[in-house]
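Asker: mmCIF, C-alpha atoms and all ligand atoms, file protein33.cif:
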```cif
data_start
loop_
_atom_site.label_atom_id
_atom_site.label_comp_id
_atom_site.auth_asym_id
_atom_site.auth_seq_id
_atom_site.Cartn_x
_atom_site.Cartn_y
_atom_site.Cartn_z
CA MET A 1 -8.31 -20.22 -2.53
CA ALA A 2 -4.64 -20.82 -3.26
CA THR A 3 -3.89 -22.59 -6.52
CA PRO A 4 -1.21 -25.25 -6.14
CA SER A 5 0.85 -23.87 -9.04
CA SER A 6 1.24 -20.52 -7.27
CA THR A 7 2.86 -22.09 -4.25
CA TYR A 8 6.63 -22.52 -4.15
CA LEU A 9 7.03 -24.51 -0.96
CA LEU A 10 10.06 -22.82 0.54
CA LYS A 11 10.63 -19.43 2.18
CA ARG A 12 13.66 -17.69 0.70
CA ASP A 13 15.32 -16.51 3.92
CA GLN A 14 18.89 -16.60 5.22
CA ILE A 15 18.55 -20.05 6.78
CA GLU A 16 17.39 -21.31 3.39
CA ALA A 17 20.41 -19.68 1.71
CA ILE A 18 22.72 -21.42 4.17
CA ARG A 19 20.85 -24.71 3.63
CA LEU A 20 21.38 -24.41 -0.14
CA GLY A 21 25.09 -23.82 0.50
CA SER A 22 25.32 -26.93 2.71
CA ARG A 23 23.45 -28.99 0.14
CA HIS A 24 25.81 -27.77 -2.58
CA LEU A 25 28.61 -29.18 -0.41
CA LEU A 26 26.68 -32.46 -0.12
CA TRP A 27 26.48 -32.74 -3.92
CA GLN A 28 30.17 -31.95 -4.29
CA LEU A 29 31.10 -34.60 -1.70
CA HIS A 30 29.01 -37.07 -3.70
CA LEU A 31 29.98 -36.18 -7.27
CA LYS A 32 33.47 -34.75 -6.87
CA HIS A 33 32.90 -32.74 -10.05
CA LEU A 34 31.06 -29.56 -10.99
CA LEU A 35 30.81 -30.28 -14.70
CA HIS A 36 30.20 -33.90 -15.70
CA PRO A 37 33.52 -35.42 -16.84
CA GLU A 38 31.99 -36.37 -20.21
CA ILE A 39 31.40 -32.71 -21.10
CA PRO A 40 34.37 -31.47 -23.14
CA THR A 41 35.34 -28.00 -21.89
CA THR A 42 36.53 -25.54 -24.52
CA ASP A 43 37.46 -21.86 -24.17
CA GLY A 44 34.49 -19.51 -24.48
CA MET A 45 31.85 -22.12 -23.63
CA VAL A 46 28.58 -20.64 -22.39
CA ILE A 47 26.75 -22.23 -19.46
CA ALA A 48 23.42 -21.61 -17.76
CA ASP A 49 22.31 -22.78 -14.31
CA ILE A 50 18.51 -22.78 -14.20
CA GLY A 51 16.66 -22.40 -10.89
CA ALA A 52 20.04 -21.46 -9.45
CA GLY A 53 18.96 -20.25 -5.99
CA THR A 54 22.10 -18.75 -4.43
CA GLY A 55 24.04 -19.65 -7.60
CA LEU A 56 26.85 -21.34 -5.71
CA TRP A 57 27.26 -23.98 -8.44
CA ALA A 58 27.55 -21.28 -11.11
CA LEU A 59 30.01 -19.25 -9.02
CA GLU A 60 32.17 -22.32 -8.48
CA VAL A 61 32.10 -23.18 -12.21
CA ALA A 62 33.13 -19.60 -13.03
CA ASN A 63 36.09 -19.87 -10.65
CA GLN A 64 37.19 -23.32 -11.75
CA PHE A 65 36.90 -22.54 -15.48
CA PRO A 66 37.89 -18.87 -16.00
CA SER A 67 37.57 -19.18 -19.80
CA LEU A 68 33.86 -20.12 -19.58
CA ARG A 69 30.92 -17.75 -19.16
CA VAL A 70 28.14 -18.67 -16.74
CA THR A 71 24.69 -17.21 -16.12
CA ALA A 72 22.69 -18.23 -13.04
CA PHE A 73 18.95 -17.88 -13.74
CA ASP A 74 16.14 -18.04 -11.20
CA ILE A 75 12.50 -16.97 -11.08
CA ALA A 76 13.35 -14.91 -7.97
CA GLY A 77 16.48 -12.88 -7.27
CA THR A 78 16.12 -13.07 -3.47
CA HIS A 79 19.13 -15.34 -3.03
CA PHE A 80 21.33 -13.75 -5.71
CA PRO A 81 24.58 -12.42 -4.23
CA SER A 82 25.31 -8.73 -4.69
CA PRO A 83 27.14 -8.06 -8.04
CA GLU A 84 30.32 -7.09 -6.19
CA PHE A 85 30.72 -10.80 -5.37
CA TRP A 86 30.30 -12.06 -8.96
CA PRO A 87 33.43 -13.34 -10.74
CA SER A 88 33.96 -11.43 -14.02
CA ASN A 89 32.75 -14.45 -16.07
CA ALA A 90 29.53 -14.96 -14.06
CA LYS A 91 26.23 -13.13 -13.92
CA PHE A 92 22.72 -13.58 -12.51
CA ALA A 93 19.39 -13.00 -14.25
CA LEU A 94 15.67 -13.56 -13.69
CA LEU A 95 13.94 -16.25 -15.76
CA ASN A 96 10.78 -18.29 -15.33
CA SER A 97 11.93 -21.61 -16.78
CA LEU A 98 8.42 -23.05 -16.96
CA GLN A 99 7.27 -20.39 -19.43
CA ASP A 100 8.25 -19.79 -23.07
CA VAL A 101 11.98 -19.24 -23.51
CA PRO A 102 12.76 -15.62 -24.52
CA SER A 103 14.06 -15.58 -28.12
CA GLU A 104 17.44 -14.11 -27.14
CA LEU A 105 18.15 -17.24 -25.02
CA VAL A 106 17.20 -19.84 -27.67
CA GLY A 107 20.17 -21.99 -28.81
CA GLN A 108 22.71 -19.95 -26.84
CA PHE A 109 24.19 -22.41 -24.34
CA ASP A 110 26.70 -25.27 -24.47
CA VAL A 111 25.58 -26.61 -21.07
CA ILE A 112 22.38 -26.24 -19.05
CA HIS A 113 22.55 -27.26 -15.41
CA LEU A 114 19.48 -28.22 -13.37
CA ARG A 115 19.61 -29.20 -9.72
CA MET A 116 16.86 -29.98 -7.22
CA TRP A 117 13.71 -29.34 -9.25
CA ALA A 118 11.77 -32.14 -7.51
CA PHE A 119 9.57 -29.81 -5.46
CA VAL A 120 9.03 -27.33 -8.32
CA VAL A 121 7.74 -29.65 -11.07
CA ARG A 122 4.00 -30.25 -10.75
CA GLY A 123 1.61 -32.97 -11.88
CA ASP A 124 4.31 -35.61 -12.53
CA ASP A 125 5.22 -33.79 -15.74
CA PRO A 126 8.75 -32.42 -16.13
CA SER A 127 8.41 -32.08 -19.94
CA PRO A 128 7.88 -28.26 -20.04
CA LEU A 129 11.08 -27.81 -18.02
CA ILE A 130 13.01 -30.31 -20.18
CA GLN A 131 11.75 -28.75 -23.41
CA ASN A 132 12.64 -25.23 -22.27
CA ALA A 133 16.12 -26.31 -21.17
CA ALA A 134 16.65 -28.07 -24.51
CA LYS A 135 15.53 -24.94 -26.42
CA MET A 136 18.28 -22.95 -24.69
CA LEU A 137 20.96 -25.47 -25.75
CA LYS A 138 23.03 -25.26 -28.91
CA PRO A 139 22.95 -28.43 -31.07
CA GLY A 140 25.39 -30.88 -29.43
CA GLY A 141 25.03 -29.08 -26.07
CA TYR A 142 24.61 -30.92 -22.76
CA LEU A 143 21.89 -31.03 -20.12
CA GLN A 144 23.38 -31.88 -16.70
CA TRP A 145 20.87 -32.66 -13.96
CA GLU A 146 21.12 -33.62 -10.27
CA ASP A 147 18.00 -34.28 -8.25
CA ALA A 148 16.31 -36.15 -5.39
CA ARG A 149 14.41 -39.45 -5.56
CA PHE A 150 11.86 -38.54 -2.89
CA GLU A 151 9.63 -41.46 -3.93
CA SER A 152 12.42 -43.77 -2.74
CA SER A 153 13.09 -41.88 0.50
CA ILE A 154 14.71 -43.92 3.25
CA VAL A 155 12.27 -44.06 6.18
CA LYS A 156 13.43 -45.63 9.44
CA GLY A 157 11.48 -45.42 12.70
CA ASP A 158 7.92 -44.38 13.62
CA SER A 159 8.60 -40.63 13.74
CA ALA A 160 10.10 -40.75 10.23
CA ALA A 161 7.12 -42.78 8.97
CA LEU A 162 4.67 -40.21 10.39
CA LEU A 163 6.45 -37.32 8.74
CA ARG A 164 6.68 -39.22 5.44
CA GLN A 165 2.92 -39.74 5.57
CA MET A 166 2.35 -36.02 6.25
CA MET A 167 4.66 -35.20 3.34
CA SER A 168 2.49 -37.31 1.05
CA GLN A 169 -0.62 -35.37 2.12
CA MET A 170 1.20 -32.10 1.42
CA GLY A 171 2.45 -33.42 -1.92
CA ASN A 172 -1.07 -34.39 -2.99
CA ALA A 173 -2.41 -30.93 -2.14
CA ALA A 174 0.46 -29.23 -4.00
CA LYS A 175 0.03 -31.61 -6.98
CA ILE A 176 3.58 -32.83 -6.52
CA ASN A 177 4.44 -36.36 -7.51
CA PHE A 178 7.98 -37.71 -7.54
CA GLN A 179 7.53 -40.75 -9.79
CA TRP A 180 9.14 -38.96 -12.76
CA LEU A 181 12.46 -38.78 -10.89
CA GLU A 182 12.65 -42.57 -10.71
CA GLU A 183 12.56 -42.71 -14.49
CA LEU A 184 14.18 -39.40 -15.33
CA ASP A 185 16.13 -40.97 -18.21
CA GLN A 186 12.92 -42.13 -19.91
CA ARG A 187 11.19 -38.81 -19.26
CA VAL A 188 14.07 -36.89 -20.88
CA ASN A 189 14.22 -39.24 -23.85
CA ARG A 190 10.43 -39.05 -24.30
CA ALA A 191 10.05 -35.27 -23.75
CA ASP A 192 10.09 -34.46 -27.48
CA ALA A 193 13.06 -32.21 -26.81
CA ASN A 194 15.64 -33.71 -29.20
CA LEU A 195 17.75 -34.92 -26.28
CA GLU A 196 19.51 -38.25 -25.85
CA VAL A 197 20.53 -39.49 -22.39
CA VAL A 198 24.23 -40.40 -22.23
CA ASP A 199 24.56 -41.09 -18.49
CA PHE A 200 21.96 -41.88 -15.80
CA GLN A 201 22.87 -42.93 -12.27
CA LYS A 202 21.15 -43.73 -9.01
CA LYS A 203 24.36 -44.10 -7.02
CA LEU A 204 23.70 -43.96 -3.25
CA TRP A 205 25.34 -41.54 -0.79
CA LEU A 206 28.44 -42.69 1.03
CA PRO A 207 27.25 -43.47 4.61
CA GLN A 208 29.33 -40.56 5.98
CA ASN A 209 27.33 -38.09 3.82
CA ILE A 210 23.89 -39.30 4.94
CA PRO A 211 23.69 -37.04 8.05
CA LEU A 212 24.29 -33.95 5.87
CA CYS A 213 21.56 -35.06 3.47
CA MET A 214 19.18 -35.69 6.37
CA ASN A 215 19.94 -32.43 8.19
CA THR A 216 19.51 -30.28 5.08
CA PHE A 217 16.29 -32.17 4.30
CA LEU A 218 14.86 -31.68 7.81
CA ILE A 219 15.60 -27.94 7.60
CA ALA A 220 13.75 -27.82 4.25
CA LEU A 221 10.80 -29.62 5.83
CA GLU A 222 10.79 -27.10 8.68
CA ASN A 223 10.92 -24.26 6.16
CA SER A 224 8.04 -25.72 4.12
CA GLY A 225 5.82 -25.60 7.23
CA ALA A 226 5.15 -21.97 6.29
CA ILE A 227 3.05 -23.09 3.31
CA LEU A 228 0.78 -25.48 5.25
CA ASP A 229 -2.03 -23.01 5.87
CA LYS A 230 -2.30 -22.36 2.12
CA LEU A 231 -2.22 -26.07 1.28
CA LYS A 232 -4.86 -26.80 3.94
CA GLN A 233 -7.23 -24.55 1.99
CA VAL A 234 -6.71 -26.85 -1.03
CA ASP A 235 -6.94 -30.10 0.97
CA PRO A 236 -8.18 -30.18 4.60
CA SER A 237 -6.33 -33.48 5.26
CA VAL A 238 -3.02 -31.58 5.16
CA PRO A 239 -1.53 -31.43 8.71
CA SER A 240 -1.80 -28.23 10.70
CA THR A 241 1.36 -26.21 11.28
CA LYS A 242 1.41 -27.41 14.91
CA GLU A 243 1.06 -31.10 13.96
CA TRP A 244 3.82 -30.69 11.36
CA MET A 245 6.24 -28.89 13.69
CA ASP A 246 5.58 -31.37 16.54
CA ALA A 247 6.23 -34.33 14.22
CA LEU A 248 9.38 -32.67 12.94
CA GLU A 249 10.67 -31.94 16.44
CA THR A 250 10.12 -35.57 17.48
CA LEU A 251 11.95 -36.80 14.38
CA GLN A 252 14.81 -34.36 14.94
CA LYS A 253 15.22 -35.66 18.51
CA ASP A 254 14.92 -39.34 17.46
CA SER A 255 17.43 -38.87 14.65
CA CYS A 256 20.14 -37.78 17.10
CA LYS A 257 19.96 -41.06 19.06
CA PRO A 258 22.28 -43.98 18.21
CA GLU A 259 20.46 -46.21 15.67
CA GLY A 260 17.80 -43.47 15.65
CA SER A 261 15.16 -42.55 13.08
CA GLN A 262 16.17 -41.69 9.55
CA LEU A 263 14.45 -39.77 6.78
CA TYR A 264 16.41 -38.80 3.70
CA TRP A 265 16.36 -39.01 -0.08
CA PRO A 266 18.70 -40.85 -2.44
CA PRO A 267 20.21 -38.93 -5.35
CA VAL A 268 19.74 -39.23 -9.11
CA THR A 269 22.01 -37.77 -11.78
CA LEU A 270 21.65 -37.48 -15.53
CA LEU A 271 23.58 -36.21 -18.52
CA ALA A 272 21.85 -35.80 -21.89
CA ARG A 273 23.04 -34.40 -25.20
CA LYS A 274 21.05 -32.40 -27.71
CA ASN A 275 21.13 -33.98 -31.15
CA THR A 276 23.06 -32.05 -33.79
C1 LIG B 301 15.36 -26.11 -4.27
S1 LIG B 301 15.97 -24.69 -5.02
C2 LIG B 301 17.40 -25.29 -5.85
C3 LIG B 301 18.45 -24.22 -6.03
C4 LIG B 301 19.75 -24.67 -6.71
N1 LIG B 301 19.51 -25.29 -7.99
C5 LIG B 301 20.55 -25.59 -5.83
O1 LIG B 301 20.68 -26.77 -6.13
O2 LIG B 301 21.04 -25.10 -4.80
C6 LIG B 301 14.84 -24.46 -6.35
C7 LIG B 301 15.01 -23.12 -7.03
O3 LIG B 301 14.16 -23.08 -8.17
C8 LIG B 301 13.64 -21.77 -8.29
N2 LIG B 301 12.43 -21.82 -9.12
C9 LIG B 301 11.18 -22.21 -8.75
N3 LIG B 301 10.34 -22.11 -9.79
C10 LIG B 301 11.08 -21.64 -10.85
C11 LIG B 301 10.77 -21.34 -12.20
N4 LIG B 301 9.54 -21.51 -12.69
N5 LIG B 301 11.76 -20.87 -12.99
C12 LIG B 301 13.02 -20.70 -12.51
N6 LIG B 301 13.37 -20.98 -11.24
C13 LIG B 301 12.41 -21.45 -10.41
C14 LIG B 301 13.41 -21.34 -6.85
O4 LIG B 301 13.31 -19.93 -6.73
C15 LIG B 301 14.63 -21.93 -6.17
O5 LIG B 301 15.70 -21.01 -6.13
#
```
I'd like the structure from this file rewritten - as structure tokens, please.
Answerer:
Amino acid sequence: MATPSSTYLLKRDQIEAIRLGSRHLLWQLHLKHLLHPEIPTTDGMVIADIGAGTGLWALEVANQFPSLRVTAFDIAGTHFPSPEFWPSNAKFALLNSLQDVPSELVGQFDVIHLRMWAFVVRGDDPSPLIQNAAKMLKPGGYLQWEDARFESSIVKGDSAALLRQMMSQMGNAAKINFQWLEELDQRVNRADANLEVVDFQKKLWLPQNIPLCMNTFLIALENSGAILDKLKQVDPSVPSTKEWMDALETLQKDSCKPEGSQLYWPPVTLLARKNT
């Protein structure tokens, strides 16, 4: 039987790589910065992006700040670009950020960036991730985090409501709970990681950016259909692949109509500083 912790919900294929690129654009349209404006940038700063996926954020940081050095870490290298495409101040490396931090990475970074960990954290407990990120920071370093408040998803129309209900069944089987994202500031402050939150925002998308959020989300939901058979072994109430794909197709059609169905997540952003 599959154990929930062994199941990353998304296939790492080319459509997923393109989805991550589009979602990077969504975040940039929303934030209009790569590095939080409160982070002072100095020559030679060292930055890590954890769970970087395609590493587009890290590549953009490397280009925008040529005097900084950036490493994009991920548990899987599937989406890493070939080294010929890396700027000279960027590199990619494998790292499981939910296991003990290797000693050579402890206290090495001025900034740690986390984005879209909602579906990776299990059991409503982000503290191992927060503690590991904090261990990698130098004293006075910054943790910059952007994520999704799936618990507060906007659900409009019957087809969206059905899919939201199916998502909950999947989430239960995968031991995923999104409550921690609603109170990310408190979770970071309470994680016993020597971090203090300096900025926490639940600013909503501009209306013009909502379709991009929804489209990238619906593609992720389609992608996650590949894991349903495994999750069904954990919990038989999980929808079948056919039920899931049918519900998704109906929602996709409904969402294209004027005043049609909507299913998307609002963003959350946080900046914390490690105590000196
Ligand atoms: C939803 S993607 C987000 C990618 C990127 N941060 C972005 O915003 O485009 C989540 C990423 O976390 C990675 N991941 C999952 N478990 C991980 C772990 N234990 N340690 C490091 N990375 C992990 C996945 O391989 C995937 O690339």
Asker: With a distance cut-off of 12 Å and all atoms listed in the file, select the neighbouring residues of stretch 149-159 of chain A, excluding the residue or stretch itself and same-chain residues fewer than 4 positions from it, and output the selection as a PyMOL selection string.
Answerer: chain A and resi 116-119+124+163-168+171+176-184+201-205+210+213-214+217+244-255+257+259-269
Asker: Can you write out as a tab-separated table which residues of chain A fall within 9 Å of ligand LIG 301 (chain B), alongside each residue's closest atom pair and its distance in Å to one decimal, counting all atoms listed in the file and ordering rows by chain and ascending residue number?
Answerer:
```
residue	atom	partner	partner_atom	distance
A:Tyr8	CA	B:LIG301	C9	6.5
A:Leu10	CA	B:LIG301	C1	7.9
A:Arg12	CA	B:LIG301	O4	7.8
A:Ala17	CA	B:LIG301	O2	8.5
A:Arg19	CA	B:LIG301	O2	8.4
A:Leu20	CA	B:LIG301	O2	4.7
A:Gly21	CA	B:LIG301	O2	6.8
A:Ser22	CA	B:LIG301	O2	8.8
A:Arg23	CA	B:LIG301	O2	6.7
A:His24	CA	B:LIG301	O2	5.9
A:Trp27	CA	B:LIG301	O1	8.6
A:Asp49	CA	B:LIG301	N1	7.4
A:Ile50	CA	B:LIG301	C12	6.1
A:Gly51	CA	B:LIG301	N6	3.6
A:Ala52	CA	B:LIG301	N1	4.1
A:Gly53	CA	B:LIG301	O5	3.4
A:Thr54	CA	B:LIG301	O2	6.4
A:Gly55	CA	B:LIG301	C4	6.7
A:Leu56	CA	B:LIG301	O2	7.0
A:Trp57	CA	B:LIG301	O2	7.3
A:Phe73	CA	B:LIG301	C12	6.7
A:Asp74	CA	B:LIG301	N6	4.0
A:Ile75	CA	B:LIG301	C12	4.0
A:Ala76	CA	B:LIG301	O4	5.2
A:Gly77	CA	B:LIG301	O4	7.7
A:Thr78	CA	B:LIG301	O4	8.1
A:His79	CA	B:LIG301	O5	7.3
A:Leu94	CA	B:LIG301	C12	7.7
A:Leu95	CA	B:LIG301	C12	5.6
A:Asn96	CA	B:LIG301	N5	3.6
A:Ser97	CA	B:LIG301	N5	3.9
A:Leu98	CA	B:LIG301	N4	4.7
A:Gln99	CA	B:LIG301	N4	7.2
A:His113	CA	B:LIG301	N1	8.3
A:Leu114	CA	B:LIG301	N1	6.1
A:Arg115	CA	B:LIG301	N1	4.3
A:Met116	CA	B:LIG301	C2	4.9
A:Trp117	CA	B:LIG301	C6	5.8
A:Ala118	CA	B:LIG301	C1	7.7
A:Phe119	CA	B:LIG301	C1	7.0
A:Val120	CA	B:LIG301	C9	5.6
A:Val121	CA	B:LIG301	N3	8.1
A:Leu129	CA	B:LIG301	N4	8.4
A:Glu146	CA	B:LIG301	O1	8.0
A:Asp147	CA	B:LIG301	O1	8.3
A:Ala220	CA	B:LIG301	C1	8.8
```
Asker: Pick out the closest residue to A:Val197 from this set: A:Lys11, A:Lys175, A:Lys274, A:Lys135. Count all atoms listed in the file.
Answerer: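 For A:Val197, the nearest of the given residues is A:Lys274.
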Asker: Which residue out of A:Phe92, A:Gly44, A:Asn275, A:Thr216 has the minimum interatomic distance to A:Ile18 when only C-alpha atoms are used?
Answerer: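 For A:Ile18, the nearest of the given residues is A:Thr216.
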Asker: Tell me, in Å to one decimal, how far atom CA of A:Leu143 is from atom CA of A:Val111.
Answerer: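 One can read the atom CA of A:Leu143 to atom CA of A:Val111 distance as 5.8 Å.
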Asker: Would you mind reading off the distance between atom CA of A:Met45 and atom CA of A:Leu271, one decimal, in Å?
Answerer: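 Separation between atom CA of A:Met45 and atom CA of A:Leu271: 17.1 Å.
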Asker: Closest to A:Thr276 among A:Leu195, A:Val188, A:Ile112, A:Val238, using all atoms listed in the file?
Answerer: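 Going through A:Leu195, A:Val188, A:Ile112, A:Val238 one by one, the smallest distance to A:Thr276 is for A:Leu195.
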Asker: Quick one: residues within 8 Å of A:Ile130, all atoms listed in the file, excluding same-chain residues fewer than 3 positions away - as a PDB file with C-alpha atoms, keeping the file's coordinate frame?
Answerer:
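File out-v2.pdb, as written:
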```pdb
ATOM      1  CA  PRO A 126       8.750 -32.420 -16.130  1.00  0.00           C
ATOM      2  CA  SER A 127       8.410 -32.080 -19.940  1.00  0.00           C
ATOM      3  CA  ALA A 133      16.120 -26.310 -21.170  1.00  0.00           C
ATOM      4  CA  ALA A 134      16.650 -28.070 -24.510  1.00  0.00           C
ATOM      5  CA  VAL A 188      14.070 -36.890 -20.880  1.00  0.00           C
ATOM      6  CA  ALA A 191      10.050 -35.270 -23.750  1.00  0.00           C
ATOM      7  CA  ALA A 193      13.060 -32.210 -26.810  1.00  0.00           C
TER       8      ALA A 193
END
```
Asker: Rank nothing, just name the residue among A:Ala90, A:Leu218, A:Ala226, A:Leu212 nearest to A:His30, using all atoms listed in the file.
Answerer: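 For A:His30, the nearest of the given residues is A:Leu212.
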Asker: Which residue is closest to A:Leu25? Choose from A:Ile227, A:Glu60, A:Asp13, A:Ser240 and count all atoms listed in the file.
Answerer: A:Glu60
Asker: As lines of an AutoDock Vina configuration file, what would the box around stretch 221-240 of chain A look like: edges along x, y and z, 8 Å added on every side, centre and edge lengths in Å to one decimal?
Answerer:
```
center_x = 1.4
center_y = -27.7
center_z = 4.8
size_x = 35.1
size_y = 27.5
size_z = 27.7
```
Asker: If we count all atoms listed in the file, what is near A:Asp229 at a cut-off of 12 Å, once residues fewer than 6 positions away on the same chain are taken out, given as a VMD selection string?
Answerer: chain A and resid 1 to 2 7 9 170 173 to 174 235 to 244
Asker: Rounded to one decimal, what separation in Å do you get between atom CA of A:Leu105 and atom CA of A:Met136?
Answerer: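 For atom CA of A:Leu105 relative to atom CA of A:Met136, the distance reads 5.7 Å.
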Asker: Between A:Asn209, A:Gln131, A:Asn89, A:Gln28, which one has atoms that come closest to A:Ala58, using all atoms listed in the file?
Answerer: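 For A:Ala58, the nearest of the given residues is A:Asn89.
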Asker: At a cut-off of 12 Å around the point (35.5, -28.9, -18.5) (file coordinates), what residues fall inside when counting all atoms listed in the file? I'd like the answer as a PyMOL selection string.
Answerer: chain A and resi 33-47+61-68+110-111+142
